[in-house]
Amino acid sequence: MATGSASATTRGLGRVHRAANGRAVAAAARAGFVGRGVIYVLIGVLSLRIAFTGGGRQADRGGAVAEIAQKPFGTVLLWLLGIALAGMALWRLSEAVFGQAGPDGGKPGRRAMAAGRFCFYGFVAYSVLSYAAGDKGSGSGSSDKNSQDVTAKALAWPGGQWIVGVAGAAVAAVGVWIAVRALLRRFEKHLRLSAMSQRMRKVVSFFGMFGGTARGVVFATAGCFAIAAAVRHRPGKAKGMDDTLRTFADTPAGPWLLALIAVGLMSFGAFSLASARWRDV
């Protein structure tokens with residue numbers, strides 16, 4: 001009897017597992033890639049404006065949300081964007097619970113990463129949907145102010161400098177990891193390359209390599225600013241995405257480096273849109 005019960009439980013879990021990795025979750029994942037792509041394309045466009053005019057809307061998720069809100073049917077578009085990002089969160093949750101696709105998808109490390117991504121995309125989806133519902137202080141908040149506020153609170157804790165420093169080092173390491181994986185084109189193993197034409201394969205691969213590298217550079221730079229804030233015990237040294245991007249214009253390369261990063265972020269957005277069609281989910 002116990003054996004039969006265990007067998008039934010196993011079959012039940014198998015059905016749940018197949019359902020979680022079925023068409024509904026796959027569709028949610030693809031919608032999520034579209035949402036992520038839209039945000040990165042807009043951040044890239046906003047960064048280009050800053051590079052060539054020195055002003056404009058903040059180049060971060062909040063700026064992208066505010067930009068969409070001003071378009072015709074902006075509220076409807078924000079609802080669709082928030083739902084799409086919620087789909088990405090759902091897919092990551094499925095990976096955390098049941099494991100990712102592939103032979104190593106069930107490893108604890110991969111599941112932990114999926115859980116972290118679920119939390120991130122869940123928060124992003126919530127903030128966008130809250131903005132669409134009328135909470136204008138939610139999705140459009142400044143990433144710079146948020147980063148400095150969080151850093152100031154953390155620095156006030158016992159051992160706060162170490163906490164901020166370690167967090168900054170972790171973000172910088174993630175940025176380097178993202179850039180290196182992009183340069184090595186590790187993302188290709190997740191794409192259905194055989195379904196693409198040879199030309200499309202080259203285009204998508206370039207977008208993934210260039211865009212992923214630019215994204216990694218931005219993350220790594222933001223992490224370095226957090227480390228500087230910890231070492232100097234000055235929350236103002238921490239920077240969100242907007243201020244991080246603006247600092248590229250202050251380098252000897254001037255606005256051209258920021259323009260290059262901006263085009264890279266737009267490329268990552270285009271790669272995300274391509275992933276919505278050809279990603280193995």
# chains A, B, ... in the order shown; residues from 1 in each chain; ligands from 1

$ select_by_dssp --residues "stretch 37-223 of chain A" --states "alpha helix (DSSP H)" --output "VMD selection string"
chain A and resid 37 to 53 61 to 69 74 to 98 108 to 132 143 to 155 160 to 183 198 to 223

$ residues_around --residues "A:Val25" --least-positions-apart "5" --cutoff "10 Å" --atoms "only C-alpha atoms" --output "ChimeraX atom specification"
/A:19-20,30-31,87-88,90-94,281

$ write_last_selection --atoms "C-alpha atoms" --output "compact mmCIF listing (two decimals), in the first residue's frame"
# COMPACT_ATOMS: atom_id res chain seq x y z
CA ALA A 19 3.05 21.24 -16.26
CA ALA A 20 5.48 23.73 -14.75
CA ARG A 30 9.03 34.41 -23.77
CA ALA A 31 6.81 37.30 -22.73
CA GLY A 87 5.98 35.95 -16.61
CA MET A 88 9.77 36.10 -16.41
CA LEU A 90 7.21 32.85 -12.90
CA TRP A 91 9.65 31.08 -15.22
CA ARG A 92 12.56 31.71 -12.88
CA LEU A 93 10.49 30.40 -9.97
CA SER A 94 9.81 27.25 -11.97
CA VAL A 281 12.81 27.34 -22.26

$ residues_around --residues "stretch 214-223 of chain A" --least-positions-apart "5" --cutoff "9 Å" --atoms "only C-alpha atoms" --output "PDB file with N, CA, C and O atoms, in the first residue's frame"
ATOM      1  N   GLY A 165      30.838  46.801   1.337  1.00  0.00           N
ATOM      2  CA  GLY A 165      31.991  46.429   0.525  1.00  0.00           C
ATOM      3  C   GLY A 165      31.834  45.060  -0.108  1.00  0.00           C
ATOM      4  O   GLY A 165      32.115  44.871  -1.297  1.00  0.00           O
ATOM      5  N   ALA A 167      28.982  43.488  -0.633  1.00  0.00           N
ATOM      6  CA  ALA A 167      27.887  43.577  -1.601  1.00  0.00           C
ATOM      7  C   ALA A 167      28.378  44.197  -2.907  1.00  0.00           C
ATOM      8  O   ALA A 167      28.044  43.723  -4.008  1.00  0.00           O
ATOM      9  N   GLY A 168      29.186  45.265  -2.784  1.00  0.00           N
ATOM     10  CA  GLY A 168      29.732  45.904  -3.976  1.00  0.00           C
ATOM     11  C   GLY A 168      30.639  44.966  -4.744  1.00  0.00           C
ATOM     12  O   GLY A 168      30.585  44.903  -5.987  1.00  0.00           O
ATOM     13  N   ALA A 169      31.465  44.216  -4.018  1.00  0.00           N
ATOM     14  CA  ALA A 169      32.362  43.254  -4.669  1.00  0.00           C
ATOM     15  C   ALA A 169      31.557  42.164  -5.379  1.00  0.00           C
ATOM     16  O   ALA A 169      31.933  41.712  -6.472  1.00  0.00           O
ATOM     17  N   ALA A 170      30.442  41.753  -4.756  1.00  0.00           N
ATOM     18  CA  ALA A 170      29.587  40.729  -5.373  1.00  0.00           C
ATOM     19  C   ALA A 170      28.977  41.246  -6.674  1.00  0.00           C
ATOM     20  O   ALA A 170      28.949  40.532  -7.687  1.00  0.00           O
ATOM     21  N   VAL A 171      28.492  42.495  -6.649  1.00  0.00           N
ATOM     22  CA  VAL A 171      27.903  43.074  -7.864  1.00  0.00           C
ATOM     23  C   VAL A 171      28.964  43.215  -8.955  1.00  0.00           C
ATOM     24  O   VAL A 171      28.719  42.912 -10.125  1.00  0.00           O
ATOM     25  N   ALA A 172      30.161  43.672  -8.563  1.00  0.00           N
ATOM     26  CA  ALA A 172      31.250  43.805  -9.530  1.00  0.00           C
ATOM     27  C   ALA A 172      31.618  42.444 -10.125  1.00  0.00           C
ATOM     28  O   ALA A 172      31.848  42.320 -11.337  1.00  0.00           O
ATOM     29  N   ALA A 173      31.661  41.418  -9.266  1.00  0.00           N
ATOM     30  CA  ALA A 173      31.989  40.068  -9.746  1.00  0.00           C
ATOM     31  C   ALA A 173      30.922  39.558 -10.706  1.00  0.00           C
ATOM     32  O   ALA A 173      31.243  38.930 -11.729  1.00  0.00           O
ATOM     33  N   VAL A 174      29.662  39.824 -10.394  1.00  0.00           N
ATOM     34  CA  VAL A 174      28.573  39.425 -11.288  1.00  0.00           C
ATOM     35  C   VAL A 174      28.722  40.117 -12.638  1.00  0.00           C
ATOM     36  O   VAL A 174      28.524  39.505 -13.703  1.00  0.00           O
ATOM     37  N   GLY A 175      29.086  41.406 -12.588  1.00  0.00           N
ATOM     38  CA  GLY A 175      29.281  42.144 -13.829  1.00  0.00           C
ATOM     39  C   GLY A 175      30.382  41.543 -14.686  1.00  0.00           C
ATOM     40  O   GLY A 175      30.226  41.382 -15.906  1.00  0.00           O
ATOM     41  N   VAL A 176      31.498  41.202 -14.052  1.00  0.00           N
ATOM     42  CA  VAL A 176      32.607  40.578 -14.782  1.00  0.00           C
ATOM     43  C   VAL A 176      32.168  39.227 -15.338  1.00  0.00           C
ATOM     44  O   VAL A 176      32.470  38.881 -16.493  1.00  0.00           O
ATOM     45  N   TRP A 177      31.432  38.462 -14.531  1.00  0.00           N
ATOM     46  CA  TRP A 177      30.924  37.149 -14.954  1.00  0.00           C
ATOM     47  C   TRP A 177      30.014  37.286 -16.168  1.00  0.00           C
ATOM     48  O   TRP A 177      30.129  36.521 -17.139  1.00  0.00           O
ATOM     49  N   ILE A 178      29.118  38.283 -16.137  1.00  0.00           N
ATOM     50  CA  ILE A 178      28.210  38.515 -17.259  1.00  0.00           C
ATOM     51  C   ILE A 178      28.994  38.856 -18.522  1.00  0.00           C
ATOM     52  O   ILE A 178      28.731  38.337 -19.608  1.00  0.00           O
ATOM     53  N   ALA A 179      29.977  39.754 -18.372  1.00  0.00           N
ATOM     54  CA  ALA A 179      30.769  40.191 -19.527  1.00  0.00           C
ATOM     55  C   ALA A 179      31.584  39.044 -20.117  1.00  0.00           C
ATOM     56  O   ALA A 179      31.628  38.873 -21.349  1.00  0.00           O
ATOM     57  N   VAL A 180      32.218  38.269 -19.256  1.00  0.00           N
ATOM     58  CA  VAL A 180      33.053  37.161 -19.734  1.00  0.00           C
ATOM     59  C   VAL A 180      32.207  36.120 -20.457  1.00  0.00           C
ATOM     60  O   VAL A 180      32.570  35.626 -21.536  1.00  0.00           O
ATOM     61  N   ALA A 182      29.448  36.613 -21.941  1.00  0.00           N
ATOM     62  CA  ALA A 182      29.005  37.189 -23.207  1.00  0.00           C
ATOM     63  C   ALA A 182      30.121  37.128 -24.249  1.00  0.00           C
ATOM     64  O   ALA A 182      29.891  36.769 -25.410  1.00  0.00           O
ATOM     65  N   MET A 209      26.712  38.982 -27.661  1.00  0.00           N
ATOM     66  CA  MET A 209      28.086  39.217 -27.225  1.00  0.00           C
ATOM     67  C   MET A 209      28.311  40.683 -26.860  1.00  0.00           C
ATOM     68  O   MET A 209      28.770  41.006 -25.774  1.00  0.00           O
ATOM     69  N   ALA A 228      33.759  51.800  -3.297  1.00  0.00           N
ATOM     70  CA  ALA A 228      34.304  53.115  -2.943  1.00  0.00           C
ATOM     71  C   ALA A 228      33.494  53.762  -1.821  1.00  0.00           C
ATOM     72  O   ALA A 228      34.053  54.390  -0.908  1.00  0.00           O
ATOM     73  N   ALA A 238      27.991  55.768  -3.795  1.00  0.00           N
ATOM     74  CA  ALA A 238      27.236  54.681  -4.440  1.00  0.00           C
ATOM     75  C   ALA A 238      26.391  55.266  -5.560  1.00  0.00           C
ATOM     76  O   ALA A 238      25.838  56.357  -5.437  1.00  0.00           O
ATOM     77  N   LYS A 239      26.298  54.556  -6.655  1.00  0.00           N
ATOM     78  CA  LYS A 239      25.571  55.055  -7.816  1.00  0.00           C
ATOM     79  C   LYS A 239      24.626  53.988  -8.352  1.00  0.00           C
ATOM     80  O   LYS A 239      24.975  52.807  -8.395  1.00  0.00           O
ATOM     81  N   GLY A 240      23.440  54.444  -8.768  1.00  0.00           N
ATOM     82  CA  GLY A 240      22.524  53.563  -9.468  1.00  0.00           C
ATOM     83  C   GLY A 240      22.897  53.504 -10.938  1.00  0.00           C
ATOM     84  O   GLY A 240      23.943  54.012 -11.359  1.00  0.00           O
ATOM     85  N   MET A 241      22.031  52.911 -11.746  1.00  0.00           N
ATOM     86  CA  MET A 241      22.358  52.761 -13.167  1.00  0.00           C
ATOM     87  C   MET A 241      22.518  54.101 -13.864  1.00  0.00           C
ATOM     88  O   MET A 241      23.435  54.298 -14.671  1.00  0.00           O
ATOM     89  N   ASP A 243      23.413  57.233 -12.753  1.00  0.00           N
ATOM     90  CA  ASP A 243      24.682  57.901 -12.459  1.00  0.00           C
ATOM     91  C   ASP A 243      25.875  57.102 -12.959  1.00  0.00           C
ATOM     92  O   ASP A 243      26.888  57.666 -13.389  1.00  0.00           O
ATOM     93  N   THR A 244      25.781  55.780 -12.891  1.00  0.00           N
ATOM     94  CA  THR A 244      26.863  54.934 -13.406  1.00  0.00           C
ATOM     95  C   THR A 244      27.059  55.178 -14.896  1.00  0.00           C
ATOM     96  O   THR A 244      28.196  55.338 -15.370  1.00  0.00           O
ATOM     97  N   LEU A 245      25.961  55.238 -15.627  1.00  0.00           N
ATOM     98  CA  LEU A 245      26.062  55.490 -17.063  1.00  0.00           C
ATOM     99  C   LEU A 245      26.611  56.880 -17.342  1.00  0.00           C
ATOM    100  O   LEU A 245      27.446  57.061 -18.250  1.00  0.00           O
ATOM    101  N   LEU A 260      28.734  54.343 -26.840  1.00  0.00           N
ATOM    102  CA  LEU A 260      29.052  52.946 -27.137  1.00  0.00           C
ATOM    103  C   LEU A 260      28.329  52.012 -26.170  1.00  0.00           C
ATOM    104  O   LEU A 260      27.750  50.991 -26.580  1.00  0.00           O
ATOM    105  N   ILE A 261      28.347  52.365 -24.871  1.00  0.00           N
ATOM    106  CA  ILE A 261      27.641  51.558 -23.869  1.00  0.00           C
ATOM    107  C   ILE A 261      26.141  51.571 -24.145  1.00  0.00           C
ATOM    108  O   ILE A 261      25.449  50.548 -24.028  1.00  0.00           O
ATOM    109  N   ALA A 262      25.629  52.747 -24.535  1.00  0.00           N
ATOM    110  CA  ALA A 262      24.199  52.870 -24.825  1.00  0.00           C
ATOM    111  C   ALA A 262      23.790  51.954 -25.975  1.00  0.00           C
ATOM    112  O   ALA A 262      22.774  51.247 -25.901  1.00  0.00           O
ATOM    113  N   VAL A 263      24.586  51.945 -27.037  1.00  0.00           N
ATOM    114  CA  VAL A 263      24.295  51.064 -28.169  1.00  0.00           C
ATOM    115  C   VAL A 263      24.388  49.595 -27.724  1.00  0.00           C
ATOM    116  O   VAL A 263      23.612  48.748 -28.161  1.00  0.00           O
ATOM    117  N   GLY A 264      25.331  49.324 -26.809  1.00  0.00           N
ATOM    118  CA  GLY A 264      25.454  47.971 -26.276  1.00  0.00           C
ATOM    119  C   GLY A 264      24.210  47.549 -25.510  1.00  0.00           C
ATOM    120  O   GLY A 264      23.734  46.414 -25.667  1.00  0.00           O
ATOM    121  N   LEU A 265      23.657  48.451 -24.707  1.00  0.00           N
ATOM    122  CA  LEU A 265      22.442  48.123 -23.960  1.00  0.00           C
ATOM    123  C   LEU A 265      21.254  47.924 -24.899  1.00  0.00           C
ATOM    124  O   LEU A 265      20.406  47.049 -24.674  1.00  0.00           O
ATOM    125  N   SER A 267      21.590  46.788 -27.871  1.00  0.00           N
ATOM    126  CA  SER A 267      21.869  45.483 -28.477  1.00  0.00           C
ATOM    127  C   SER A 267      21.415  44.358 -27.556  1.00  0.00           C
ATOM    128  O   SER A 267      20.874  43.345 -28.019  1.00  0.00           O
ATOM    129  N   PHE A 268      21.633  44.542 -26.240  1.00  0.00           N
ATOM    130  CA  PHE A 268      21.168  43.513 -25.305  1.00  0.00           C
ATOM    131  C   PHE A 268      19.643  43.429 -25.326  1.00  0.00           C
ATOM    132  O   PHE A 268      19.071  42.338 -25.214  1.00  0.00           O
TER     133      PHE A 268
END

$ residues_around --residues "stretch 145-150 of chain A" --least-positions-apart "3" --cutoff "12 Å" --atoms "only C-alpha atoms" --output "ChimeraX atom specification"
/A:58,60,62,137-142,153-157,160,163-164,167-168,222-223,225-226,229-230,233-244

$ write_last_selection --atoms "N, CA and C atoms" --output "CSV table (one decimal), in the first residue's frame"
chain,number,residue,atom,x,y,z
A,58,GLN,N,16.2,60.2,-16.7
A,58,GLN,CA,17.1,59.3,-16.1
A,58,GLN,C,17.2,58.0,-16.9
A,60,ASP,N,17.5,54.7,-16.6
A,60,ASP,CA,17.4,53.5,-15.8
A,60,ASP,C,16.0,52.9,-15.9
A,62,GLY,N,13.4,53.2,-14.0
A,62,GLY,CA,12.4,54.2,-13.8
A,62,GLY,C,12.2,55.2,-14.9
A,137,GLY,N,5.1,56.8,-7.6
A,137,GLY,CA,6.4,56.8,-6.9
A,137,GLY,C,7.0,55.4,-6.9
A,138,SER,N,6.4,54.4,-7.6
A,138,SER,CA,6.8,53.1,-7.5
A,138,SER,C,7.8,52.7,-8.6
A,139,GLY,N,7.3,52.5,-9.8
A,139,GLY,CA,8.2,52.1,-10.9
A,139,GLY,C,9.1,53.1,-11.4
A,140,SER,N,8.9,54.4,-11.2
A,140,SER,CA,9.8,55.4,-11.8
A,140,SER,C,10.8,56.0,-10.8
A,141,GLY,N,11.0,55.4,-9.7
A,141,GLY,CA,11.9,55.9,-8.7
A,141,GLY,C,13.3,56.0,-9.2
A,142,SER,N,14.1,56.9,-8.7
A,142,SER,CA,15.5,57.1,-9.2
A,142,SER,C,16.4,55.9,-8.6
A,153,LYS,N,21.8,53.4,4.9
A,153,LYS,CA,21.2,52.6,6.0
A,153,LYS,C,22.2,51.5,6.4
A,154,ALA,N,22.8,50.8,5.3
A,154,ALA,CA,23.7,49.7,5.6
A,154,ALA,C,25.0,50.2,6.3
A,155,LEU,N,25.5,51.3,5.9
A,155,LEU,CA,26.7,51.9,6.6
A,155,LEU,C,26.5,52.2,8.0
A,156,ALA,N,25.2,52.5,8.4
A,156,ALA,CA,24.9,52.8,9.8
A,156,ALA,C,24.8,51.5,10.7
A,157,TRP,N,24.8,50.3,10.1
A,157,TRP,CA,24.8,49.1,10.8
A,157,TRP,C,26.2,48.8,11.4
A,160,GLY,N,28.9,47.8,9.0
A,160,GLY,CA,28.2,48.3,7.7
A,160,GLY,C,29.2,48.4,6.6
A,163,ILE,N,29.8,45.1,5.1
A,163,ILE,CA,28.6,44.6,4.4
A,163,ILE,C,28.5,45.3,3.0
A,164,VAL,N,28.6,46.6,3.0
A,164,VAL,CA,28.5,47.3,1.7
A,164,VAL,C,29.6,47.0,0.8
A,167,ALA,N,29.0,43.5,-0.6
A,167,ALA,CA,27.9,43.6,-1.6
A,167,ALA,C,28.4,44.2,-2.9
A,168,GLY,N,29.2,45.3,-2.8
A,168,GLY,CA,29.7,45.9,-4.0
A,168,GLY,C,30.6,45.0,-4.7
A,222,ALA,N,29.2,49.8,-11.4
A,222,ALA,CA,28.3,50.1,-10.3
A,222,ALA,C,28.8,49.4,-9.0
A,223,GLY,N,29.3,48.2,-9.1
A,223,GLY,CA,29.8,47.5,-7.9
A,223,GLY,C,31.1,48.2,-7.4
A,225,PHE,N,31.7,51.4,-7.6
A,225,PHE,CA,31.3,52.6,-6.8
A,225,PHE,C,30.8,52.2,-5.4
A,226,ALA,N,30.1,51.1,-5.3
A,226,ALA,CA,29.7,50.7,-4.0
A,226,ALA,C,30.9,50.4,-3.1
A,229,ALA,N,32.2,53.6,-1.9
A,229,ALA,CA,31.3,54.2,-0.8
A,229,ALA,C,31.6,53.5,0.5
A,230,ALA,N,31.9,52.2,0.5
A,230,ALA,CA,32.2,51.5,1.7
A,230,ALA,C,33.6,51.9,2.3
A,233,HIS,N,33.3,55.5,3.5
A,233,HIS,CA,32.2,55.6,4.3
A,233,HIS,C,31.3,56.8,3.9
A,234,ARG,N,31.1,56.9,2.6
A,234,ARG,CA,30.3,58.0,2.0
A,234,ARG,C,29.2,57.4,1.1
A,235,PRO,N,28.0,57.4,1.6
A,235,PRO,CA,26.9,56.8,0.8
A,235,PRO,C,26.7,57.5,-0.6
A,236,GLY,N,27.1,58.8,-0.7
A,236,GLY,CA,27.0,59.5,-2.0
A,236,GLY,C,27.9,58.9,-3.1
A,237,LYS,N,28.9,58.1,-2.7
A,237,LYS,CA,29.7,57.5,-3.7
A,237,LYS,C,29.0,56.3,-4.4
A,238,ALA,N,28.0,55.8,-3.8
A,238,ALA,CA,27.2,54.7,-4.4
A,238,ALA,C,26.4,55.3,-5.6
A,239,LYS,N,26.3,54.6,-6.7
A,239,LYS,CA,25.6,55.1,-7.8
A,239,LYS,C,24.6,54.0,-8.4
A,240,GLY,N,23.4,54.4,-8.8
A,240,GLY,CA,22.5,53.6,-9.5
A,240,GLY,C,22.9,53.5,-10.9
A,241,MET,N,22.0,52.9,-11.7
A,241,MET,CA,22.4,52.8,-13.2
A,241,MET,C,22.5,54.1,-13.9
A,242,ASP,N,21.6,55.1,-13.6
A,242,ASP,CA,21.7,56.4,-14.2
A,242,ASP,C,23.0,57.1,-14.0
A,243,ASP,N,23.4,57.2,-12.8
A,243,ASP,CA,24.7,57.9,-12.5
A,243,ASP,C,25.9,57.1,-13.0
A,244,THR,N,25.8,55.8,-12.9
A,244,THR,CA,26.9,54.9,-13.4
A,244,THR,C,27.1,55.2,-14.9

$ residues_around --residues "stretch 75-86 of chain A" --least-positions-apart "4" --cutoff "10 Å" --atoms "only C-alpha atoms" --output "JSON, numbers by chain"
{"A": [27, 28, 29, 30, 31, 32, 33, 34, 35, 36, 38, 39, 65, 66, 68, 69, 70, 71, 90, 91, 92, 118, 121, 122, 123, 124, 125, 126, 127, 128, 129, 130, 131, 132, 133, 134, 139]}

$ residues_around --residues "stretch 183-185 of chain A" --least-positions-apart "6" --cutoff "8 Å" --atoms "only C-alpha atoms" --output "ChimeraX atom specification"
/A:205,208-210,212-213

$ closest_residue --among "A:Pro158, A:Gly211, A:Gly54, A:Gly74" --to "A:Pro255" --atoms "only C-alpha atoms"
A:Gly54

$ atom_distance --atom1 "atom CA of A:Phe271" --atom2 "atom CA of A:Arg199"
14.5 Å

$ closest_residue --among "A:Phe187, A:Phe206, A:Phe248, A:Trp256" --to "A:Ala270" --atoms "only C-alpha atoms"
A:Phe206

$ atom_distance --atom1 "atom CA of A:Leu257" --atom2 "atom CA of A:Gly55"
16.1 Å

$ closest_residue --among "A:Met113, A:Leu42, A:Ile50, A:Val231" --to "A:Glu67" --atoms "only C-alpha atoms"
A:Leu42

$ atom_distance --atom1 "atom CA of A:Leu258" --atom2 "atom CA of A:Arg61"
17.1 Å
